[in-house]
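Student: Got a structure for you, written out below as structure tokens; questions coming shortly.
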Amino acid sequence: MPEPTPQDQMARMITGYWISQMVHVAARLGLADHLADGPRTAEELARLTGSHARSLYRLLRALASVGVFSEDGDGRFRPTPLGDCLRNDVPGSQRAMALMMGEEHFHCWGDLLESVRTGQTAFDRLYGQPIFDYLAEHAEQAEVFDAAMTATHGRETQSTLDSYDFAGIHVLADIGGGNASNLIAILKHDPEMRGILFDLPHVVERARPNIEAAGVADRCEVVVGSFFDGIPVEADAYFLRHIIHDWDDEKAGLILRNIRRAMPGGARLLVVEHVLPPGDEPSFGKLLDLTMLLLPGGAERTAQEFEALYQRAGFRLTRIVPIDGDLSVIEGEAG
Ligand SMILES: C[S@@+](CC[C@H](N)C(=O)[O-])C[C@H]1O[C@@H](n2cnc3c(N)ncnc32)[C@H](O)[C@@H]1O
């Protein structure tokens with residue numbers, strides 16, 4: 001195979017969203033779940049999903065051409081290992097991510113030009129309110145958001161446990177811990193540890209049954225509130241994964257100062273975020289940074305930017321422990 005030319009590579013970049021929208025529609029229609037019990041034709045799937053059979057066939061054929069499904073000689077489709085990731089009920093399911101990325105995120109990315117011109121978030125412009133207020137009013141989207149966080153960040157918990165030593169942490173507070181899947185996994189990993197989940201009221205209501213079902217309710221406290229109003233939580237470590245990047249320096253500083261105010265002597269701050277590498281180095285964080293511009297109005301940061309942010313909020317950045325790629329634990333203590 002000859003090396004793709006710059007024109008080939010650019011054409012692939014330009015049409016990249018075709019595939020992400022194909023995957024989104026497959027997720028919306030639940031195609032992978034409908035195929036879980038065996039292969040089906042496009043006509044059968046069209047009946048099950050209320051779709052137009054010929055158009056659905058064209059979508060399935062295109063998805064099969066990129067490895068998501070495969071078509072047999074009788075025109076029946078089955079999922080491949082890639083397609084199985086779109087099932088609802090499988091460990092590591094990516095369905096919620098595909099749902100979320102193809103809806104609010106897709107619309108906001110369509111407005112990137114305006115955000116680059118003005119520096120304002122696309123979400124507030126398109127939906128008339130900040131994303132976390134919108135989620136509080138839209139239960140279905142909020143549930144998808146929580147599940148998408150687990151889909152995209154779920155495997156980071158194990159890498160964090162593998163890379164960062166939690167010894168000496170008897171009480172861990174997960175600030176903005178969402179549906180509690182991260183805290184549950186950490187508590188299961190260390191049966192002696194106690195946990196505190198802190199998040200907004202509608203989020204913790206969805207998290208409570210997960211904590212019960214995981215059998216850790218006896219060592220997991222749930223505290224409800226907004227981290228801008230105060231964080232009335234005493235712990236040995238304050239764990240914030242993908243929280244600080246949602247906010248500009250002013251709001252991120254307010255969250256950190258509220259932790260600084262609440263934390264007992266000797267407690268640690270553990271922020272898990274991408275630390276942007278310098279120069280042209282490829283980095284998922286550099287792409288995610290634009291999502292932060294478009295949706296919540298935050299930013300990914302460099303090591304120097306974290307250091308300055310910590311200092312302004314009364315912390316000393318003690319070390320940066322890499323977890324996976326440019327994702328790291330940015331450890332701090334009162335300073
Ligand atoms: C990007 S998600 C990260 C979730 C989780 N930490 C993870 O790594 O998957 C941001 C979280 O911050 C929570 N959040 C947003 N605004 C908040 C506020 N004012 N007070 C407390 N939590 C908030 C959201 O409900 C959500 O669970």
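Residue numbering restarts at 1 in every chain; chains get A, B, ... in the order shown in the structure tokens, and ligands count up from 1 in that same order.
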Taking only C-alpha atoms and all ligand atoms into account, list the residues no farther than 7 Å from ligand 1, as a JSON list (two decimals) with N, CA and C atoms, in the first residue's frame.
Tutor:
[["chain", "number", "residue", "atom", "x", "y", "z"],
["A", 132, "PHE", "N", -24.44, 22.35, 32.87],
["A", 132, "PHE", "CA", -24.83, 21.61, 34.08],
["A", 132, "PHE", "C", -26.22, 22.04, 34.58],
["A", 146, "ASP", "N", -24.01, 10.92, 32.61],
["A", 146, "ASP", "CA", -23.32, 10.12, 33.65],
["A", 146, "ASP", "C", -22.72, 8.86, 33.03],
["A", 149, "MET", "N", -19.72, 9.54, 30.96],
["A", 149, "MET", "CA", -18.51, 9.78, 31.76],
["A", 149, "MET", "C", -17.86, 8.45, 32.12],
["A", 150, "THR", "N", -18.72, 7.46, 32.48],
["A", 150, "THR", "CA", -18.16, 6.14, 32.81],
["A", 150, "THR", "C", -17.56, 5.50, 31.56],
["A", 153, "HIS", "N", -14.32, 7.67, 30.84],
["A", 153, "HIS", "CA", -13.30, 7.76, 31.89],
["A", 153, "HIS", "C", -13.20, 6.50, 32.74],
["A", 154, "GLY", "N", -14.12, 5.55, 32.53],
["A", 154, "GLY", "CA", -14.20, 4.37, 33.40],
["A", 154, "GLY", "C", -12.88, 3.64, 33.54],
["A", 175, "ILE", "N", -14.97, 14.46, 44.59],
["A", 175, "ILE", "CA", -15.71, 15.72, 44.42],
["A", 175, "ILE", "C", -16.17, 15.81, 42.96],
["A", 176, "GLY", "N", -17.50, 15.88, 42.75],
["A", 176, "GLY", "CA", -18.04, 15.81, 41.38],
["A", 176, "GLY", "C", -17.90, 14.39, 40.87],
["A", 177, "GLY", "N", -18.19, 13.45, 41.75],
["A", 177, "GLY", "CA", -17.96, 12.02, 41.46],
["A", 177, "GLY", "C", -19.03, 11.39, 40.59],
["A", 178, "GLY", "N", -20.02, 12.16, 40.15],
["A", 178, "GLY", "CA", -21.01, 11.66, 39.18],
["A", 178, "GLY", "C", -21.76, 10.44, 39.68],
["A", 179, "ASN", "N", -21.84, 9.41, 38.85],
["A", 179, "ASN", "CA", -22.67, 8.24, 39.22],
["A", 179, "ASN", "C", -21.97, 7.29, 40.18],
["A", 182, "ASN", "N", -16.49, 5.55, 39.80],
["A", 182, "ASN", "CA", -15.07, 5.66, 40.13],
["A", 182, "ASN", "C", -14.85, 5.36, 41.62],
["A", 198, "PHE", "N", -19.45, 13.58, 46.53],
["A", 198, "PHE", "CA", -20.02, 14.93, 46.56],
["A", 198, "PHE", "C", -20.41, 15.31, 45.15],
["A", 199, "ASP", "N", -21.67, 15.69, 44.95],
["A", 199, "ASP", "CA", -22.11, 16.15, 43.63],
["A", 199, "ASP", "C", -23.44, 16.87, 43.79],
["A", 200, "LEU", "N", -23.99, 17.32, 42.67],
["A", 200, "LEU", "CA", -25.25, 18.05, 42.68],
["A", 200, "LEU", "C", -26.41, 17.13, 43.08],
["A", 203, "VAL", "N", -27.72, 14.45, 40.63],
["A", 203, "VAL", "CA", -26.70, 13.46, 40.28],
["A", 203, "VAL", "C", -26.58, 12.41, 41.39],
["A", 225, "GLY", "N", -24.40, 19.03, 47.21],
["A", 225, "GLY", "CA", -24.16, 20.47, 47.20],
["A", 225, "GLY", "C", -23.52, 20.93, 45.91],
["A", 226, "SER", "N", -23.27, 22.24, 45.85],
["A", 226, "SER", "CA", -22.53, 22.81, 44.73],
["A", 226, "SER", "C", -21.14, 23.18, 45.22],
["A", 227, "PHE", "N", -20.13, 22.75, 44.48],
["A", 227, "PHE", "CA", -18.77, 23.04, 44.97],
["A", 227, "PHE", "C", -18.42, 24.52, 44.89],
["A", 228, "PHE", "N", -19.31, 25.34, 44.34],
["A", 228, "PHE", "CA", -19.05, 26.78, 44.35],
["A", 228, "PHE", "C", -19.53, 27.42, 45.66],
["A", 240, "LEU", "N", -10.51, 14.85, 42.37],
["A", 240, "LEU", "CA", -11.35, 15.59, 41.39],
["A", 240, "LEU", "C", -10.93, 15.15, 40.00],
["A", 241, "ARG", "N", -11.72, 14.30, 39.39],
["A", 241, "ARG", "CA", -11.35, 13.83, 38.05],
["A", 241, "ARG", "C", -12.21, 14.52, 37.00],
["A", 242, "HIS", "N", -11.54, 15.19, 36.06],
["A", 242, "HIS", "CA", -12.21, 15.93, 34.99],
["A", 242, "HIS", "C", -13.24, 16.92, 35.54],
["A", 243, "ILE", "N", -12.85, 17.59, 36.62],
["A", 243, "ILE", "CA", -13.69, 18.65, 37.19],
["A", 243, "ILE", "C", -13.09, 20.01, 36.86],
["A", 246, "ASP", "N", -13.48, 21.70, 33.50],
["A", 246, "ASP", "CA", -14.79, 22.21, 33.08],
["A", 246, "ASP", "C", -14.91, 23.72, 33.27]]
Student: Taking only range 198-271 of chain A into account, list the residues labelled helix (DSSP H, G or I) by DSSP (computed from the backbone), as a PyMOL selection string.
Tutor: chain A and resi 201-213+217-219+244-246+249-262
Student: I'd like the contact shell of range 281-283 of chain A - 10 Å cut-off, only C-alpha atoms, skipping same-chain residues fewer than 5 positions apart - returned as an mmCIF file with C-alpha atoms, in the first residue's frame.
Tutor:
data_model
loop_
_atom_site.group_PDB
_atom_site.id
_atom_site.type_symbol
_atom_site.label_atom_id
_atom_site.label_comp_id
_atom_site.auth_asym_id
_atom_site.auth_seq_id
_atom_site.Cartn_x
_atom_site.Cartn_y
_atom_site.Cartn_z
ATOM 1 C CA HIS A 274 -4.729 15.849 31.048
ATOM 2 C CA VAL A 275 -1.530 17.841 31.446
ATOM 3 C CA LEU A 276 -0.921 19.352 28.046
ATOM 4 C CA LEU A 288 -10.608 17.704 24.516
ATOM 5 C CA GLY A 325 -0.730 9.233 27.945
ATOM 6 C CA ASP A 326 -0.992 12.836 29.093
ATOM 7 C CA LEU A 327 -3.557 11.967 31.792
#
Student: Of the candidates A:Ala180, A:Ile169, A:Ala237, A:Ala252, which shows the shortest atom-to-atom distance to Ala299 in chain A, using only C-alpha atoms?
Tutor: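 Checking each candidate against Ala299 in chain A, we get A:Ala252 as the closest.
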Student: Figure out the distance between CA of Leu126 in chain A and CA of Gly110 in chain A, please, to one decimal in Å.
Tutor: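 Interatomic distance, CA of Gly110 in chain A to CA of Leu126 in chain A: 10.5 Å.
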Student: Please list as number ranges by chain every residue within 9 Å of Glu156 in chain A, counting only C-alpha atoms and excluding residues in the same chain fewer than 4 positions away.
Tutor: A: 152, 160-161, 182, 323-324, 327
Student: Mind writing the picked residues with N, CA and C atoms as a PDB file, in the first residue's frame?
Tutor:
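Dumped to out_30.pdb:
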ATOM      1  N   THR A 152     -16.243   6.947  28.958  1.00  0.00           N
ATOM      2  CA  THR A 152     -14.999   7.560  28.493  1.00  0.00           C
ATOM      3  C   THR A 152     -13.908   7.541  29.563  1.00  0.00           C
ATOM      4  N   THR A 160      -5.348   4.593  37.298  1.00  0.00           N
ATOM      5  CA  THR A 160      -4.985   5.450  38.430  1.00  0.00           C
ATOM      6  C   THR A 160      -4.528   4.593  39.606  1.00  0.00           C
ATOM      7  N   LEU A 161      -5.295   3.507  39.867  1.00  0.00           N
ATOM      8  CA  LEU A 161      -4.929   2.624  40.978  1.00  0.00           C
ATOM      9  C   LEU A 161      -3.573   1.957  40.717  1.00  0.00           C
ATOM     10  N   ASN A 182     -16.494   5.554  39.796  1.00  0.00           N
ATOM     11  CA  ASN A 182     -15.071   5.664  40.134  1.00  0.00           C
ATOM     12  C   ASN A 182     -14.852   5.361  41.618  1.00  0.00           C
ATOM     13  N   ILE A 323      -0.535   8.823  34.422  1.00  0.00           N
ATOM     14  CA  ILE A 323      -1.383   7.620  34.511  1.00  0.00           C
ATOM     15  C   ILE A 323      -1.404   6.917  33.171  1.00  0.00           C
ATOM     16  N   ASP A 324      -1.717   7.678  32.141  1.00  0.00           N
ATOM     17  CA  ASP A 324      -1.944   7.071  30.834  1.00  0.00           C
ATOM     18  C   ASP A 324      -1.872   8.205  29.800  1.00  0.00           C
ATOM     19  N   LEU A 327      -2.695  11.922  30.599  1.00  0.00           N
ATOM     20  CA  LEU A 327      -3.557  11.967  31.792  1.00  0.00           C
ATOM     21  C   LEU A 327      -2.697  11.710  33.034  1.00  0.00           C
TER      22      LEU A 327
END
Student: In terms of the shortest atom-to-atom distance over only C-alpha atoms, which of A:Met13, A:Leu317, A:Leu295, A:Ala26 is closest to Tyr134 in chain A?
Tutor: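 Closest to Tyr134 in chain A, using only C-alpha atoms: A:Leu295.
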